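One structure below.
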Amino acid sequence: MSAPTPPNGGATRPTPPSAPRFDVRRAAPRLLLLLLALLLLDGALWSLFVRPRQAEIARIEAEKQGDAATEKKSAEALAQLKRVHDHVVGVQDGVDRFYDEMLSTKRDRMVPFQRALDGVGRDFNVRAERVQVGSQSLAAEGIEAMAFSFPLTAGYENLRQFLARLEEIDQFLIVRQVALGGGQEGGRLLQLSVDVETYFNAPELRRAYEIDRKAKAAKRSSGPRRAARPTEPR
């Protein structure tokens, strides 16, 4: 039995050449160079574009944090200043009320003060035989101080209640000294010497003091100037 004849008349078709294989070992140096170049390019791009933006973002965040910290410190300082201001204003208001209401002026409070003392004496049947009055001006403070000294004669219980009531009257009064003297009628009556002080608001004294102080300061600042020595001719 004969073999079949090929369709092309018996001619054998040539086999096409195979594609060359990729040799990894031979291409390895070029691949390494390409990879290195890509890494260098990536590093350059990061340095040129990414890193500056990251630094800018970090700077902005740091500024925000710094601004927030500064704002917090400023708010705390402002709150502290406000507390100090409110305290000073409160103290000043208290001082003003003390001068205007508790001390008041001599014209407004002298008569009520004397009436208060007389009223305490009448309540306990204690009468002052005589009264010595002294005064002192405290110009820098704007205050006029007045001292009253008076001897009393009464029973022990009346004198004790009189002194206790003095410290309760609605007048600014300071008991400076209490001295016990002799007795009368076999000790039934006692002699007592009492020294008290009160103070009055005297704004005119403070104004005069400030005017005088400023005048003296101006005089010191514009004191006599030394005359310039004449220049000797050469």
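Ordered as shown in the structure tokens, chains take letters A, B, and onward, while each chain numbers its residues from 1 and ligands are numbered from 1 in the order shown.
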inquiry  = What's around range 190-198 of chain A at 7 Å? Count only C-alpha atoms, leave out sequence neighbours fewer than 5 positions away in its own chain, and write the answer as number ranges by chain.
reply    = A: 145-156, 172-184
Could you list, as an mmCIF file with N, CA and C atoms, in the first residue's frame, every residue within 7 Å of Thr105 in chain A, counting only C-alpha atoms and ignoring same-chain residues fewer than 3 positions away?
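That gives us out-v2.cif:
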```
data_model
loop_
_atom_site.group_PDB
_atom_site.id
_atom_site.type_symbol
_atom_site.label_atom_id
_atom_site.label_comp_id
_atom_site.auth_asym_id
_atom_site.auth_seq_id
_atom_site.Cartn_x
_atom_site.Cartn_y
_atom_site.Cartn_z
ATOM 1 N N ASP A 108 -22.420 117.157 106.070
ATOM 2 C CA ASP A 108 -23.555 116.239 106.003
ATOM 3 C C ASP A 108 -23.670 115.336 107.224
ATOM 4 N N ARG A 109 -22.547 115.046 107.901
ATOM 5 C CA ARG A 109 -22.596 114.007 108.937
ATOM 6 C C ARG A 109 -22.290 114.495 110.338
ATOM 7 N N PHE A 200 -14.100 112.365 108.368
ATOM 8 C CA PHE A 200 -15.026 112.939 107.399
ATOM 9 C C PHE A 200 -14.340 113.025 106.037
ATOM 10 N N ASN A 201 -15.127 112.823 105.027
ATOM 11 C CA ASN A 201 -14.626 112.969 103.662
ATOM 12 C C ASN A 201 -14.426 114.449 103.366
ATOM 13 N N ALA A 202 -13.211 114.796 102.936
ATOM 14 C CA ALA A 202 -12.882 116.200 102.648
ATOM 15 C C ALA A 202 -12.241 116.287 101.265
#
```
Long-range neighbours of Leu138 in chain A as a ChimeraX atom specification, 12 Å cut-off, only C-alpha atoms, 2 positions minimum in chain = /A:135-136,140-146,199-209
Same residues, N, CA and C atoms, saved as a tab-separated table (two decimals), in the first residue's frame:
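Writing the result to out-v8.tsv gives the following:
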```tsv
chain	number	residue	atom	x	y	z
A	135	SER	N	-8.96	118.37	115.85
A	135	SER	CA	-9.08	117.97	114.44
A	135	SER	C	-7.70	117.89	113.79
A	136	GLN	N	-7.62	117.08	112.76
A	136	GLN	CA	-6.38	116.92	112.00
A	136	GLN	C	-6.73	116.68	110.55
A	140	ALA	N	-3.45	114.27	101.89
A	140	ALA	CA	-3.17	113.30	100.83
A	140	ALA	C	-4.31	112.30	100.68
A	141	GLU	N	-4.97	111.95	101.77
A	141	GLU	CA	-6.09	111.00	101.72
A	141	GLU	C	-7.42	111.71	101.52
A	142	GLY	N	-7.45	113.02	101.64
A	142	GLY	CA	-8.70	113.74	101.52
A	142	GLY	C	-9.63	113.47	102.68
A	143	ILE	N	-9.08	113.43	103.90
A	143	ILE	CA	-9.85	113.08	105.09
A	143	ILE	C	-9.56	114.11	106.19
A	144	GLU	N	-10.59	114.43	106.94
A	144	GLU	CA	-10.43	115.27	108.12
A	144	GLU	C	-10.79	114.41	109.34
A	145	ALA	N	-9.83	114.27	110.24
A	145	ALA	CA	-10.04	113.46	111.44
A	145	ALA	C	-10.42	114.38	112.59
A	146	MET	N	-11.41	113.94	113.37
A	146	MET	CA	-11.84	114.70	114.54
A	146	MET	C	-11.84	113.77	115.75
A	199	TYR	N	-14.00	110.24	111.20
A	199	TYR	CA	-13.35	110.81	110.02
A	199	TYR	C	-14.43	111.28	109.05
A	200	PHE	N	-14.10	112.37	108.37
A	200	PHE	CA	-15.03	112.94	107.40
A	200	PHE	C	-14.34	113.03	106.04
A	201	ASN	N	-15.13	112.82	105.03
A	201	ASN	CA	-14.63	112.97	103.66
A	201	ASN	C	-14.43	114.45	103.37
A	202	ALA	N	-13.21	114.80	102.94
A	202	ALA	CA	-12.88	116.20	102.65
A	202	ALA	C	-12.24	116.29	101.27
A	203	PRO	N	-13.03	116.22	100.20
A	203	PRO	CA	-12.45	116.25	98.85
A	203	PRO	C	-11.71	117.53	98.54
A	204	GLU	N	-12.09	118.63	99.20
A	204	GLU	CA	-11.39	119.89	98.93
A	204	GLU	C	-9.94	119.81	99.40
A	205	LEU	N	-9.67	119.05	100.47
A	205	LEU	CA	-8.29	118.87	100.93
A	205	LEU	C	-7.48	118.10	99.90
A	206	ARG	N	-8.08	117.07	99.32
A	206	ARG	CA	-7.38	116.27	98.32
A	206	ARG	C	-7.10	117.09	97.07
A	207	ARG	N	-8.07	117.89	96.65
A	207	ARG	CA	-7.85	118.73	95.46
A	207	ARG	C	-6.73	119.73	95.70
A	208	ALA	N	-6.74	120.36	96.87
A	208	ALA	CA	-5.68	121.33	97.18
A	208	ALA	C	-4.32	120.63	97.26
A	209	TYR	N	-4.30	119.43	97.80
A	209	TYR	CA	-3.05	118.68	97.89
A	209	TYR	C	-2.52	118.33	96.51
```
message = Could you pull out the strand (DSSP E) residues of range 37-209 of chain A, going by DSSP on the backbone, and write them as a count of residues only?
response = 43
query = What gap, in Å, lies between CA of Arg188 in chain A and CA of Arg122 in chain A?
reply = 19.0 Å
request  = Give me every helix (DSSP H, G or I) residue in range 89-198 of chain A, going by DSSP on the backbone, as a PyMOL selection string.
outcome  = chain A and resi 89-103+106-123+156-166
